[in-house]
$ cat start-v2.txt   # compact mmCIF, N, CA and C atoms
# COMPACT_ATOMS: atom_id res chain seq x y z
N MET A 945 122.35 101.42 84.63
CA MET A 945 121.74 100.65 85.70
C MET A 945 122.64 99.45 85.99
N GLY A 946 123.01 99.33 87.23
CA GLY A 946 123.91 98.27 87.61
C GLY A 946 123.19 96.97 87.90
N LEU A 947 123.99 95.95 88.15
CA LEU A 947 123.46 94.62 88.43
C LEU A 947 122.58 94.63 89.68
N ARG A 948 123.01 95.35 90.70
CA ARG A 948 122.23 95.42 91.94
C ARG A 948 120.87 96.09 91.71
N ASP A 949 120.85 97.15 90.89
CA ASP A 949 119.59 97.83 90.59
C ASP A 949 118.63 96.92 89.84
N ARG A 950 119.16 96.18 88.87
CA ARG A 950 118.31 95.25 88.12
C ARG A 950 117.77 94.14 89.02
N ARG A 951 118.61 93.64 89.90
CA ARG A 951 118.18 92.61 90.83
C ARG A 951 117.10 93.14 91.77
N ASN A 952 117.28 94.35 92.26
CA ASN A 952 116.27 94.97 93.14
C ASN A 952 114.96 95.19 92.41
N GLN A 953 115.02 95.60 91.14
CA GLN A 953 113.80 95.79 90.36
C GLN A 953 113.09 94.47 90.13
N ARG A 954 113.83 93.41 89.81
CA ARG A 954 113.21 92.08 89.62
C ARG A 954 112.57 91.60 90.90
N GLN A 955 113.25 91.82 92.02
CA GLN A 955 112.72 91.39 93.32
C GLN A 955 111.45 92.18 93.67
N ARG A 956 111.47 93.47 93.44
CA ARG A 956 110.29 94.31 93.71
C ARG A 956 109.13 93.86 92.84
N HIS A 957 109.40 93.63 91.56
CA HIS A 957 108.37 93.19 90.62
C HIS A 957 107.76 91.86 91.08
N ALA A 958 108.60 90.91 91.43
CA ALA A 958 108.11 89.60 91.88
C ALA A 958 107.28 89.73 93.15
N ARG A 959 107.73 90.55 94.07
CA ARG A 959 106.99 90.75 95.32
C ARG A 959 105.63 91.40 95.06
N LEU A 960 105.59 92.37 94.17
CA LEU A 960 104.32 93.03 93.88
C LEU A 960 103.35 92.09 93.17
N LEU A 961 103.85 91.21 92.33
CA LEU A 961 102.97 90.22 91.72
C LEU A 961 102.42 89.25 92.76
N VAL A 962 103.23 88.88 93.73
CA VAL A 962 102.76 88.02 94.83
C VAL A 962 101.68 88.75 95.63
N ALA A 963 101.91 90.02 95.92
CA ALA A 963 100.93 90.79 96.68
C ALA A 963 99.63 90.96 95.89
N ALA A 964 99.72 91.15 94.57
CA ALA A 964 98.52 91.28 93.74
C ALA A 964 97.72 89.98 93.76
N GLU A 965 98.41 88.86 93.64
CA GLU A 965 97.73 87.56 93.72
C GLU A 965 97.06 87.38 95.07
N ARG A 966 97.74 87.77 96.12
CA ARG A 966 97.17 87.66 97.47
C ARG A 966 95.94 88.55 97.62
N ALA A 967 96.00 89.77 97.08
CA ALA A 967 94.86 90.69 97.17
C ALA A 967 93.65 90.11 96.44
N ILE A 968 93.87 89.52 95.28
CA ILE A 968 92.77 88.93 94.53
C ILE A 968 92.22 87.72 95.26
N SER A 969 93.08 86.87 95.79
CA SER A 969 92.63 85.69 96.54
C SER A 969 91.81 86.09 97.75
N LYS A 970 92.30 87.08 98.49
CA LYS A 970 91.57 87.54 99.68
C LYS A 970 90.22 88.13 99.29
N GLN A 971 90.18 88.89 98.22
CA GLN A 971 88.92 89.50 97.79
C GLN A 971 87.92 88.43 97.35
N LEU A 972 88.39 87.41 96.64
CA LEU A 972 87.50 86.34 96.20
C LEU A 972 86.98 85.54 97.39
N THR A 973 87.81 85.36 98.40
CA THR A 973 87.44 84.57 99.57
C THR A 973 86.58 85.35 100.54
N HIS A 974 86.95 86.60 100.80
CA HIS A 974 86.31 87.38 101.85
C HIS A 974 85.54 88.60 101.36
N GLY A 975 85.54 88.84 100.07
CA GLY A 975 84.92 90.05 99.53
C GLY A 975 83.41 89.99 99.56
N THR A 976 82.83 91.14 99.41
CA THR A 976 81.37 91.24 99.34
C THR A 976 81.00 92.04 98.11
N GLY A 977 79.77 91.99 97.73
CA GLY A 977 79.31 92.74 96.58
C GLY A 977 79.41 91.92 95.32
N GLN A 978 79.03 92.54 94.22
CA GLN A 978 79.00 91.83 92.94
C GLN A 978 80.37 91.77 92.29
N ASP A 979 81.15 92.81 92.40
CA ASP A 979 82.47 92.84 91.78
C ASP A 979 83.50 92.43 92.82
N LEU A 980 84.10 91.30 92.62
CA LEU A 980 85.04 90.78 93.60
C LEU A 980 86.49 91.10 93.25
N ARG A 981 86.69 92.14 92.46
CA ARG A 981 88.05 92.58 92.16
C ARG A 981 88.49 93.57 93.22
N PRO A 982 89.69 93.43 93.75
CA PRO A 982 90.14 94.35 94.80
C PRO A 982 90.42 95.75 94.26
N ALA A 983 90.24 96.73 95.11
CA ALA A 983 90.55 98.11 94.75
C ALA A 983 92.06 98.32 94.82
N PRO A 984 92.59 99.23 94.00
CA PRO A 984 94.01 99.54 94.10
C PRO A 984 94.44 99.93 95.52
N ALA A 985 93.59 100.65 96.24
CA ALA A 985 93.95 101.05 97.61
C ALA A 985 94.14 99.83 98.52
N THR A 986 93.33 98.81 98.31
CA THR A 986 93.48 97.58 99.09
C THR A 986 94.82 96.92 98.78
N PHE A 987 95.15 96.87 97.49
CA PHE A 987 96.43 96.28 97.08
C PHE A 987 97.62 97.09 97.60
N ILE A 988 97.51 98.40 97.56
CA ILE A 988 98.58 99.27 98.05
C ILE A 988 98.85 98.98 99.53
N ALA A 989 97.77 98.88 100.30
CA ALA A 989 97.94 98.60 101.74
C ALA A 989 98.54 97.22 101.96
N LEU A 990 98.10 96.24 101.19
CA LEU A 990 98.62 94.88 101.34
C LEU A 990 100.10 94.81 100.95
N ALA A 991 100.46 95.45 99.85
CA ALA A 991 101.86 95.45 99.41
C ALA A 991 102.76 96.11 100.44
N PHE A 992 102.27 97.18 101.04
CA PHE A 992 103.07 97.83 102.08
C PHE A 992 103.18 96.94 103.31
N GLY A 993 102.07 96.33 103.69
CA GLY A 993 102.09 95.46 104.87
C GLY A 993 102.96 94.23 104.69
N MET A 994 102.96 93.66 103.50
CA MET A 994 103.74 92.45 103.25
C MET A 994 105.23 92.75 103.04
N PHE A 995 105.52 93.80 102.27
CA PHE A 995 106.90 94.01 101.82
C PHE A 995 107.44 95.41 102.05
N ALA A 996 106.66 96.30 102.68
CA ALA A 996 107.07 97.69 102.90
C ALA A 996 107.40 98.38 101.59
N ILE A 997 106.62 98.07 100.55
CA ILE A 997 106.79 98.70 99.24
C ILE A 997 105.70 99.74 99.07
N ARG A 998 106.11 100.95 98.69
CA ARG A 998 105.16 102.02 98.42
C ARG A 998 104.98 102.15 96.91
N LEU A 999 103.72 102.34 96.49
CA LEU A 999 103.43 102.54 95.08
C LEU A 999 102.19 103.41 94.95
N ASP A 1000 101.99 103.96 93.75
CA ASP A 1000 100.84 104.83 93.53
C ASP A 1000 99.68 104.03 92.93
N ASN A 1001 98.54 104.70 92.78
CA ASN A 1001 97.34 104.04 92.27
C ASN A 1001 97.52 103.47 90.87
N ASP A 1002 98.22 104.19 89.99
CA ASP A 1002 98.40 103.71 88.62
C ASP A 1002 99.22 102.43 88.58
N GLU A 1003 100.30 102.40 89.35
CA GLU A 1003 101.14 101.20 89.39
C GLU A 1003 100.38 100.04 90.04
N ALA A 1004 99.61 100.35 91.07
CA ALA A 1004 98.80 99.31 91.73
C ALA A 1004 97.80 98.72 90.75
N ARG A 1005 97.14 99.57 89.98
CA ARG A 1005 96.16 99.10 89.00
C ARG A 1005 96.84 98.22 87.94
N ASP A 1006 98.04 98.59 87.52
CA ASP A 1006 98.77 97.78 86.53
C ASP A 1006 99.07 96.38 87.07
N TYR A 1007 99.53 96.30 88.30
CA TYR A 1007 99.83 94.98 88.89
C TYR A 1007 98.56 94.17 89.10
N LEU A 1008 97.51 94.81 89.58
CA LEU A 1008 96.24 94.10 89.74
C LEU A 1008 95.72 93.59 88.39
N ASN A 1009 95.80 94.43 87.37
CA ASN A 1009 95.33 94.02 86.05
C ASN A 1009 96.16 92.86 85.51
N ALA A 1010 97.45 92.85 85.76
CA ALA A 1010 98.29 91.72 85.31
C ALA A 1010 97.84 90.43 85.99
N ALA A 1011 97.59 90.50 87.29
CA ALA A 1011 97.15 89.31 88.02
C ALA A 1011 95.73 88.90 87.62
N LEU A 1012 94.86 89.87 87.39
CA LEU A 1012 93.50 89.55 86.94
C LEU A 1012 93.52 88.91 85.56
N ALA A 1013 94.33 89.44 84.66
CA ALA A 1013 94.43 88.89 83.31
C ALA A 1013 94.97 87.45 83.35
N GLU A 1014 95.92 87.21 84.21
CA GLU A 1014 96.48 85.86 84.36
C GLU A 1014 95.40 84.86 84.75
N ARG A 1015 94.45 85.30 85.54
CA ARG A 1015 93.36 84.43 86.00
C ARG A 1015 92.16 84.44 85.05
N GLY A 1016 92.19 85.30 84.04
CA GLY A 1016 91.09 85.37 83.09
C GLY A 1016 89.92 86.22 83.55
N TYR A 1017 90.14 87.09 84.53
CA TYR A 1017 89.09 87.97 85.04
C TYR A 1017 89.11 89.30 84.29
N PRO A 1018 87.97 90.02 84.30
CA PRO A 1018 87.94 91.34 83.67
C PRO A 1018 88.90 92.31 84.38
N LEU A 1019 89.46 93.20 83.60
CA LEU A 1019 90.43 94.15 84.14
C LEU A 1019 89.72 95.35 84.76
N LEU A 1020 90.45 96.04 85.63
CA LEU A 1020 89.98 97.31 86.18
C LEU A 1020 90.18 98.40 85.14
N ASP A 1021 89.19 99.24 84.94
CA ASP A 1021 89.34 100.40 84.07
C ASP A 1021 90.07 101.49 84.83
N GLU A 1022 90.49 102.53 84.10
CA GLU A 1022 91.19 103.62 84.77
C GLU A 1022 90.31 104.34 85.77
N ASP A 1023 89.04 104.42 85.51
CA ASP A 1023 88.14 105.13 86.42
C ASP A 1023 87.48 104.21 87.44
N GLU A 1024 87.86 102.94 87.42
CA GLU A 1024 87.27 101.97 88.33
C GLU A 1024 88.14 101.82 89.56
N GLY A 1025 87.49 101.65 90.68
CA GLY A 1025 88.24 101.44 91.91
C GLY A 1025 88.23 100.01 92.39
N GLY A 1026 87.34 99.17 91.89
CA GLY A 1026 87.21 97.82 92.42
C GLY A 1026 86.43 97.85 93.72
N ASP A 1027 86.40 96.76 94.44
CA ASP A 1027 85.69 96.65 95.72
C ASP A 1027 84.24 97.13 95.63
N ARG A 1028 83.61 97.02 94.46
CA ARG A 1028 82.24 97.47 94.30
C ARG A 1028 81.28 96.32 94.40
$ encode --input "start-v2.txt" --output "structure tokens"
Amino acid sequence: MGLRDRRNQRQRHARLLVAAERAISKQLTHGTGQDLRPAPATFIALAFGMFAIRLDNDEARDYLNAALAERGYPLLDEDEGGDR
């Protein structure tokens, strides 16, 4: 893996963490229901809209869980979708 690849991976990682934080902030501000954690599908759409980054549900859940853990919120389970 070259220097450019590592730089691109770091940049993608940083952007996805920003998008995860934004998804959580938006859900807390504008969400409805008892569980104010965003669904992976919501995060996927936001990440694509912000940075044109495509990712799958598992990767989306990992980034959301990292951002949720940073804030001290409960994590999404594998069978949980959020937005409930």
$ atom_distance --input "start-v2.txt" --atom1 "atom N of His974 of chain A" --atom2 "atom N of Arg1015 of chain A"
17.1 Å
$ closest_residue --input "start-v2.txt" --among "A:Arg951, A:Ala1004, A:His957, A:Ala1011" --to "Phe987 of chain A" --atoms "only N, CA and C atoms"
A:Ala1004
$ residues_around --input "start-v2.txt" --residues "Gln971 of chain A" --least-positions-apart "6" --cutoff "8 Å" --atoms "only C-alpha atoms" --output "PDB file with N, CA and C atoms, in the frame of the given file"
ATOM      1  N   LEU A 980      84.100  91.300  92.620  1.00  0.00           N
ATOM      2  CA  LEU A 980      85.040  90.780  93.600  1.00  0.00           C
ATOM      3  C   LEU A 980      86.490  91.100  93.250  1.00  0.00           C
ATOM      4  N   ARG A 981      86.690  92.140  92.460  1.00  0.00           N
ATOM      5  CA  ARG A 981      88.050  92.580  92.160  1.00  0.00           C
ATOM      6  C   ARG A 981      88.490  93.570  93.220  1.00  0.00           C
ATOM      7  N   PRO A 982      89.690  93.430  93.750  1.00  0.00           N
ATOM      8  CA  PRO A 982      90.140  94.350  94.800  1.00  0.00           C
ATOM      9  C   PRO A 982      90.420  95.750  94.260  1.00  0.00           C
TER      10      PRO A 982
END
$ closest_residue --input "start-v2.txt" --among "A:Leu1020, A:Ala983, A:Ile997, A:Ala1010" --to "Gln953 of chain A" --atoms "only C-alpha atoms"
A:Ile997
$ closest_residue --input "start-v2.txt" --among "A:Asp1002, A:Thr976, A:Pro984, A:Tyr1007" --to "Ala964 of chain A" --atoms "all atoms listed in the file"
A:Tyr1007
$ select_by_dssp --input "start-v2.txt" --residues "chain A" --states "helix (DSSP H, G or I)" --output "PyMOL selection string"
chain A and resi 947-974+984-995+1001-1015
$ atom_distance --input "start-v2.txt" --atom1 "atom C of Leu1019 of chain A" --atom2 "atom CA of Arg956 of chain A"
22.5 Å
$ atom_distance --input "start-v2.txt" --atom1 "atom CA of Gly975 of chain A" --atom2 "atom CA of Gly1016 of chain A"
18.2 Å
$ residues_around --input "start-v2.txt" --residues "Gly993 of chain A" --least-positions-apart "5" --cutoff "12 Å" --atoms "only C-alpha atoms" --output "MDAnalysis selection string"
chainID A and resid 959:960 963 966:967 986:988 998
$ write_last_selection --input "start-v2.txt" --atoms "N, CA and C atoms" --output "tab-separated table (two decimals), in the frame of the given file"
chain	number	residue	atom	x	y	z
A	959	ARG	N	107.73	90.55	94.07
A	959	ARG	CA	106.99	90.75	95.32
A	959	ARG	C	105.63	91.40	95.06
A	960	LEU	N	105.59	92.37	94.17
A	960	LEU	CA	104.32	93.03	93.88
A	960	LEU	C	103.35	92.09	93.17
A	963	ALA	N	101.91	90.02	95.92
A	963	ALA	CA	100.93	90.79	96.68
A	963	ALA	C	99.63	90.96	95.89
A	966	ARG	N	97.74	87.77	96.12
A	966	ARG	CA	97.17	87.66	97.47
A	966	ARG	C	95.94	88.55	97.62
A	967	ALA	N	96.00	89.77	97.08
A	967	ALA	CA	94.86	90.69	97.17
A	967	ALA	C	93.65	90.11	96.44
A	986	THR	N	93.33	98.81	98.31
A	986	THR	CA	93.48	97.58	99.09
A	986	THR	C	94.82	96.92	98.78
A	987	PHE	N	95.15	96.87	97.49
A	987	PHE	CA	96.43	96.28	97.08
A	987	PHE	C	97.62	97.09	97.60
A	988	ILE	N	97.51	98.40	97.56
A	988	ILE	CA	98.58	99.27	98.05
A	988	ILE	C	98.85	98.98	99.53
A	998	ARG	N	106.11	100.95	98.69
A	998	ARG	CA	105.16	102.02	98.42
A	998	ARG	C	104.98	102.15	96.91
